[in-house]
>>> print(open('work_13.txt').read())   # compact mmCIF, C-alpha atoms
# COMPACT_ATOMS: atom_id res chain seq x y z
CA MET A 345 45.58 -37.30 -31.50
CA LEU A 346 47.14 -33.89 -30.94
CA LEU A 347 44.98 -31.26 -29.24
CA PRO A 348 45.88 -27.68 -30.26
CA PHE A 349 45.80 -25.30 -27.30
CA TYR A 350 46.63 -21.72 -26.40
CA LYS A 351 47.79 -20.38 -23.04
CA TYR A 352 46.61 -16.96 -21.83
CA GLN A 353 47.00 -15.04 -18.59
CA GLY A 354 45.22 -12.06 -17.09
CA ALA A 355 47.14 -10.46 -14.20
CA GLY A 356 48.72 -13.85 -13.53
CA ASN A 357 45.42 -15.77 -13.58
CA ASP A 358 46.24 -18.33 -16.30
CA PHE A 359 44.06 -20.41 -18.60
CA VAL A 360 44.28 -23.12 -21.25
CA MET A 361 42.15 -21.98 -24.22
CA VAL A 362 40.65 -24.38 -26.76
CA ASP A 363 39.03 -23.30 -30.04
CA GLN A 364 35.96 -25.50 -30.57
CA ARG A 365 34.37 -23.70 -33.51
CA THR A 366 35.14 -26.37 -36.10
CA HIS A 367 35.89 -29.40 -33.91
CA ALA A 368 34.53 -30.47 -30.51
CA TRP A 369 37.74 -31.51 -28.77
CA LEU A 370 36.25 -31.56 -25.29
CA GLU A 371 32.80 -32.17 -23.88
CA ARG A 372 31.38 -30.66 -20.70
CA THR A 373 31.64 -34.10 -19.07
CA ASP A 374 35.39 -34.54 -19.76
CA HIS A 375 36.29 -33.64 -16.17
CA SER A 376 39.33 -35.89 -15.91
CA TRP A 377 40.80 -34.61 -19.18
CA VAL A 378 40.34 -30.99 -18.16
CA ALA A 379 42.03 -31.67 -14.81
CA LYS A 380 44.96 -33.38 -16.58
CA LEU A 381 45.42 -30.49 -18.99
CA CYS A 382 45.40 -27.98 -16.09
CA ASP A 383 47.86 -30.00 -13.99
CA ARG A 384 51.09 -28.01 -13.54
CA HIS A 385 53.29 -31.11 -13.32
CA PHE A 386 51.80 -33.55 -15.83
CA GLY A 387 49.82 -31.26 -18.14
CA ILE A 388 49.98 -27.76 -19.58
CA GLY A 389 49.31 -26.08 -16.25
CA ALA A 390 46.63 -23.47 -15.53
CA ASP A 391 44.10 -22.13 -13.04
CA GLY A 392 41.35 -23.16 -15.45
CA LEU A 393 40.40 -24.21 -18.97
CA ILE A 394 38.12 -22.32 -21.34
CA LEU A 395 36.32 -23.49 -24.47
CA LEU A 396 35.44 -20.96 -27.19
CA GLN A 397 32.40 -22.29 -29.05
CA ASN A 398 29.97 -21.12 -31.72
CA HIS A 399 26.63 -19.72 -30.63
CA PRO A 400 23.79 -18.71 -32.98
CA GLU A 401 22.97 -15.47 -31.15
CA TYR A 402 26.39 -14.28 -29.95
CA ASP A 403 29.92 -13.82 -31.24
CA PHE A 404 30.85 -16.96 -29.26
CA GLU A 405 30.09 -18.98 -26.15
CA MET A 406 32.48 -19.24 -23.19
CA VAL A 407 32.56 -22.53 -21.26
CA TYR A 408 34.76 -22.38 -18.17
CA PHE A 409 36.24 -25.19 -16.05
CA ASN A 410 38.18 -24.90 -12.81
CA ALA A 411 41.55 -26.65 -12.52
CA ASP A 412 39.84 -29.56 -10.75
CA GLY A 413 38.11 -30.36 -14.05
CA ARG A 414 34.60 -29.31 -13.12
CA GLU A 415 32.61 -26.75 -15.09
CA SER A 416 32.23 -23.70 -12.90
CA THR A 417 30.60 -20.32 -12.55
CA MET A 418 31.76 -17.14 -14.28
CA CYS A 419 35.47 -16.29 -14.36
CA GLY A 420 36.14 -12.56 -14.86
CA ASN A 421 39.79 -12.77 -15.90
CA GLY A 422 38.93 -15.75 -18.08
CA GLY A 423 36.22 -13.65 -19.70
CA ARG A 424 38.75 -10.96 -20.53
CA CYS A 425 41.24 -13.54 -21.81
CA ILE A 426 38.71 -15.22 -24.10
CA VAL A 427 38.01 -11.86 -25.74
CA ALA A 428 41.74 -11.43 -26.46
CA PHE A 429 41.76 -15.04 -27.72
CA ALA A 430 38.78 -14.34 -30.00
CA TYR A 431 40.62 -11.37 -31.46
CA ALA A 432 43.68 -13.54 -32.15
CA LEU A 433 41.41 -16.05 -33.92
CA GLY A 434 40.17 -13.32 -36.27
CA ILE A 435 36.91 -12.46 -34.49
CA HIS A 436 37.16 -8.67 -34.58
CA ARG A 437 34.42 -6.48 -33.08
CA GLU A 438 34.16 -2.93 -31.78
CA MET A 439 31.98 -4.36 -29.03
CA TYR A 440 32.03 -8.09 -28.32
CA HIS A 441 28.85 -9.88 -27.26
CA PHE A 442 29.31 -13.37 -25.83
CA ILE A 443 27.41 -15.76 -23.61
CA ALA A 444 28.74 -17.42 -20.45
CA ILE A 445 27.18 -19.52 -17.71
CA ASP A 446 25.84 -16.44 -15.89
CA GLY A 447 24.35 -14.87 -19.03
CA PRO A 448 25.41 -12.42 -21.75
CA HIS A 449 28.48 -10.18 -21.51
CA GLN A 450 29.88 -7.27 -23.47
CA ALA A 451 33.56 -6.47 -23.85
CA ILE A 452 35.82 -3.92 -25.49
CA ILE A 453 39.49 -4.26 -26.44
CA LYS A 454 40.97 -0.85 -25.69
CA GLU A 455 44.56 -1.75 -26.62
CA HIS A 456 46.16 -4.59 -28.56
CA SER A 457 49.75 -5.35 -29.56
CA ALA A 458 51.33 -7.75 -32.04
CA ALA A 459 52.96 -9.54 -29.08
CA GLY A 460 49.55 -10.72 -27.88
CA TYR A 461 49.00 -8.15 -25.12
CA ALA A 462 45.54 -6.61 -24.81
CA TRP A 463 43.73 -4.32 -22.39
CA VAL A 464 40.20 -5.70 -22.13
CA GLU A 465 37.18 -4.13 -20.46
CA LEU A 466 34.49 -6.67 -19.59
CA LYS A 467 30.94 -5.86 -18.52
CA MET A 468 29.89 -8.01 -15.57
CA SER A 469 26.40 -8.98 -14.43
CA ASP A 470 24.48 -6.54 -12.23
CA VAL A 471 24.55 -7.21 -8.49
CA ASN A 472 21.31 -6.90 -6.54
CA THR A 473 22.15 -8.52 -3.20
CA LEU A 474 24.94 -8.19 -0.64
CA GLU A 475 24.99 -10.31 2.49
CA ARG A 476 26.71 -8.98 5.57
CA HIS A 477 28.49 -11.44 7.89
CA GLY A 478 29.63 -9.34 10.84
CA ASP A 479 32.29 -7.06 9.34
CA ASP A 480 32.58 -9.26 6.23
CA TRP A 481 30.57 -9.59 3.02
CA VAL A 482 29.26 -12.31 0.71
CA ILE A 483 28.63 -11.15 -2.85
CA HIS A 484 27.81 -13.07 -6.05
CA THR A 485 29.49 -11.42 -9.06
CA GLY A 486 28.96 -14.35 -11.42
CA SER A 487 30.75 -16.51 -8.82
CA PRO A 488 30.24 -16.46 -5.04
CA HIS A 489 32.78 -14.51 -2.98
CA TYR A 490 33.54 -13.94 0.68
CA VAL A 491 35.29 -10.61 1.36
CA HIS A 492 37.24 -9.78 4.52
CA PHE A 493 39.18 -6.56 5.09
CA SER A 494 42.52 -6.98 6.87
CA GLN A 495 45.07 -4.52 8.25
CA HIS A 496 47.88 -7.05 7.75
CA LEU A 497 47.26 -8.34 4.24
CA ALA A 498 50.85 -9.32 3.44
CA GLN A 499 51.15 -11.49 6.57
CA VAL A 500 47.96 -13.51 6.01
CA ASP A 501 48.34 -17.26 5.43
CA MET A 502 45.91 -17.14 2.54
CA VAL A 503 45.71 -20.89 1.96
CA LYS A 504 45.01 -21.62 5.63
CA GLU A 505 42.46 -18.84 6.07
CA GLY A 506 40.88 -19.44 2.68
CA ARG A 507 40.36 -23.13 3.29
CA LYS A 508 38.96 -22.45 6.74
CA LEU A 509 36.17 -20.33 5.24
CA ARG A 510 35.71 -22.30 2.01
CA TYR A 511 35.17 -25.56 3.97
CA SER A 512 33.23 -24.01 6.86
CA PRO A 513 29.73 -25.47 7.46
CA ALA A 514 28.05 -22.44 5.89
CA PHE A 515 29.87 -22.79 2.54
CA GLU A 516 31.28 -26.32 2.30
CA ALA A 517 28.54 -27.79 0.08
CA GLU A 518 28.90 -25.36 -2.85
CA GLY A 519 32.23 -23.82 -1.92
CA ILE A 520 33.07 -20.13 -1.94
CA ASN A 521 35.99 -18.00 -3.12
CA VAL A 522 37.70 -16.10 -0.30
CA ASN A 523 39.17 -12.61 -0.65
CA PHE A 524 41.22 -10.66 1.87
CA ALA A 525 41.67 -6.97 1.08
CA HIS A 526 43.18 -3.74 2.34
CA GLY A 527 42.91 -0.14 1.19
CA ASN A 528 40.32 2.36 0.06
CA ALA A 529 38.67 3.68 -3.08
CA GLU A 530 41.95 5.30 -4.15
CA ARG A 531 43.88 2.02 -4.08
CA LEU A 532 42.64 -1.41 -3.09
CA GLN A 533 44.89 -4.44 -2.58
CA ILE A 534 43.55 -7.99 -2.73
CA ARG A 535 44.54 -11.62 -2.24
CA THR A 536 42.27 -14.51 -3.25
CA TYR A 537 41.84 -18.19 -2.47
CA GLU A 538 39.86 -19.86 -5.28
CA ARG A 539 37.61 -22.87 -4.92
CA GLY A 540 38.24 -25.46 -7.63
CA VAL A 541 41.90 -24.44 -7.68
CA GLU A 542 41.99 -24.89 -3.88
CA ASP A 543 44.91 -22.53 -3.56
CA GLU A 544 45.77 -18.85 -3.67
CA THR A 545 45.83 -17.48 -7.23
CA LEU A 546 47.63 -14.40 -8.52
CA ALA A 547 44.34 -12.73 -9.42
CA CYS A 548 40.62 -13.42 -9.63
CA GLY A 549 38.41 -11.17 -11.74
CA THR A 550 35.08 -11.88 -10.05
CA GLY A 551 36.89 -11.56 -6.70
CA VAL A 552 38.34 -8.19 -7.65
CA THR A 553 34.84 -7.10 -8.67
CA ALA A 554 33.22 -8.40 -5.47
CA THR A 555 35.85 -6.72 -3.29
CA ALA A 556 35.42 -3.34 -4.97
CA LEU A 557 31.65 -3.53 -4.40
CA ALA A 558 32.18 -4.67 -0.80
CA LEU A 559 34.44 -1.66 -0.26
CA ALA A 560 31.68 0.66 -1.51
CA ALA A 561 29.25 -0.94 0.94
CA ARG A 562 31.77 -0.92 3.79
CA GLU A 563 32.58 2.77 3.34
CA ASN A 564 28.92 3.59 2.62
CA LEU A 565 29.80 5.46 -0.55
CA PRO A 566 26.87 7.56 -1.79
CA PRO A 567 25.02 6.55 -4.96
CA GLY A 568 27.05 7.37 -8.04
CA THR A 569 29.66 6.13 -10.49
CA TYR A 570 33.04 4.92 -9.20
CA HIS A 571 36.31 3.67 -10.70
CA ILE A 572 38.43 1.77 -8.19
CA PRO A 573 42.02 0.66 -8.97
CA VAL A 574 42.76 -2.81 -7.59
CA GLN A 575 46.18 -4.38 -7.11
CA ALA A 576 46.28 -8.19 -7.20
CA LEU A 577 49.43 -10.23 -6.69
CA GLY A 578 49.71 -10.72 -10.45
CA GLY A 579 49.04 -7.19 -11.63
CA ASP A 580 46.82 -4.12 -11.68
CA LEU A 581 43.14 -4.12 -12.61
CA SER A 582 40.24 -1.75 -12.03
CA VAL A 583 36.51 -1.95 -11.44
CA GLN A 584 34.04 0.65 -12.65
CA PHE A 585 30.43 0.58 -11.42
CA ASN A 586 27.32 2.57 -10.64
CA ARG A 587 26.08 2.25 -7.06
CA ILE A 588 22.29 2.58 -7.02
CA ASN A 589 21.68 1.92 -3.32
CA ASP A 590 22.89 -0.32 -0.48
CA MET A 591 22.10 -3.50 -2.42
CA GLN A 592 22.17 -2.61 -6.12
CA PHE A 593 25.12 -2.11 -8.44
CA THR A 594 24.82 -1.72 -12.21
CA ASP A 595 27.04 -1.00 -15.22
CA ILE A 596 29.90 -3.00 -13.66
CA TRP A 597 33.08 -3.26 -15.74
CA LEU A 598 36.18 -5.30 -14.93
CA ASN A 599 39.22 -3.81 -16.68
CA GLY A 600 42.70 -5.22 -17.02
CA PRO A 601 45.38 -6.95 -19.09
CA ALA A 602 45.08 -10.18 -21.04
CA GLN A 603 48.05 -11.73 -22.77
CA ALA A 604 48.88 -14.70 -24.97
CA VAL A 605 51.69 -16.70 -23.34
CA PHE A 606 52.30 -19.61 -25.72
CA SER A 607 50.54 -22.16 -27.88
CA GLY A 608 51.18 -25.77 -28.81
CA THR A 609 49.75 -29.27 -29.10
CA ILE A 610 49.42 -32.04 -26.56
CA GLU A 611 48.62 -35.75 -26.88
CA PHE A 612 44.90 -36.25 -26.40
CA ASP A 613 42.83 -39.43 -26.48
CA GLU A 614 39.67 -38.30 -28.21
CA LYS A 615 36.60 -40.42 -27.61
>>> encode(input="work_13.txt", output="structure tokens")
Amino acid sequence: MLLPFYKYQGAGNDFVMVDQRTHAWLERTDHSWVAKLCDRHFGIGADGLILLQNHPEYDFEMVYFNADGRESTMCGNGGRCIVAFAYALGIHREMYHFIAIDGPHQAIIKEHSAAGYAWVELKMSDVNTLERHGDDWVIHTGSPHYVHFSQHLAQVDMVKEGRKLRYSPAFEAEGINVNFAHGNAERLQIRTYERGVEDETLACGTGVTATALALAARENLPPGTYHIPVQALGGDLSVQFNRINDMQFTDIWLNGPAQAVFSGTIEFDEK
């Protein structure tokens, strides 16, 4: 059987998208199939796979899998891409309301072109806890992230350093995404090693969000509303948030591009 798929990318973070509204092509337990579809040599190739499904209380449900085939925690760039995908499927809203593994999200498409480009602003979950590890930070922004600030970002061996932290005794069991960053509130640069992909990716939305919040904590920014531009390897994003106090952040929005790359069909052995 032929599985219809769509490929999207958000700042270079790329995803296989599957429309499941009228047919359940994949189940949550189809780990090996998801891994095959994400394989860059023998499949379509992607950092992850996302199912768009019906939900009785929301515009749609987002189900996200890492490239290793396992269902995972929230993906910020994937969340922005699924909104652009929903628009392409004819789901048009002034404000989107969808459900993901970490709860409900809102999103707005600020710009859209016939070529499949969109600028999507995605509301993230509130953050109520930051853990400090020496000069570093651990923050859960829908997915767990370790944030380290470096003066020599371009020279970092991100795979080596990322794996060292991801597989360290403190984080090995559940895994953690690792972000190295440099800059300030005027311009923040970031590189990310993602668990489940087990490699450096061109961007990570929850990582961009976590790093912007870590910067606010690191620089002890006073309570207030902030808008921080963030440069990932794959493109420019921004994070807007309200800092309540040392531990609390609300009204967090991840903003950036989402673009359709191509679509097609692939041989698929349906159960």
>>> closest_residue(input="work_13.txt", among="A:Ser376, A:Gln364, A:Asn589, A:Ser487", to="A:Cys548", atoms="all atoms listed in the file")
A:Ser487
>>> atom_distance(input="work_13.txt", atom1="atom CA of A:Asp480", atom2="atom CA of A:Asp543")
20.6 Å
>>> residues_near_point(input="work_13.txt", point="(39.0, -2.4, -16.1)", cutoff="9 Å", atoms="only C-alpha atoms", output="ChimeraX atom specification")
/A:463-466,571-573,581-584,597-601
>>> write_last_selection(input="work_13.txt", atoms="C-alpha atoms", output="PDB file, in the frame of the given file")
ATOM      1  CA  TRP A 463      43.730  -4.320 -22.390  1.00  0.00           C
ATOM      2  CA  VAL A 464      40.200  -5.700 -22.130  1.00  0.00           C
ATOM      3  CA  GLU A 465      37.180  -4.130 -20.460  1.00  0.00           C
ATOM      4  CA  LEU A 466      34.490  -6.670 -19.590  1.00  0.00           C
ATOM      5  CA  HIS A 571      36.310   3.670 -10.700  1.00  0.00           C
ATOM      6  CA  ILE A 572      38.430   1.770  -8.190  1.00  0.00           C
ATOM      7  CA  PRO A 573      42.020   0.660  -8.970  1.00  0.00           C
ATOM      8  CA  LEU A 581      43.140  -4.120 -12.610  1.00  0.00           C
ATOM      9  CA  SER A 582      40.240  -1.750 -12.030  1.00  0.00           C
ATOM     10  CA  VAL A 583      36.510  -1.950 -11.440  1.00  0.00           C
ATOM     11  CA  GLN A 584      34.040   0.650 -12.650  1.00  0.00           C
ATOM     12  CA  TRP A 597      33.080  -3.260 -15.740  1.00  0.00           C
ATOM     13  CA  LEU A 598      36.180  -5.300 -14.930  1.00  0.00           C
ATOM     14  CA  ASN A 599      39.220  -3.810 -16.680  1.00  0.00           C
ATOM     15  CA  GLY A 600      42.700  -5.220 -17.020  1.00  0.00           C
ATOM     16  CA  PRO A 601      45.380  -6.950 -19.090  1.00  0.00           C
TER      17      PRO A 601
END
>>> atom_distance(input="work_13.txt", atom1="atom CA of A:Thr485", atom2="atom CA of A:Asn472")
9.7 Å
>>> atom_distance(input="work_13.txt", atom1="atom CA of A:Arg531", atom2="atom CA of A:Met439")
28.4 Å
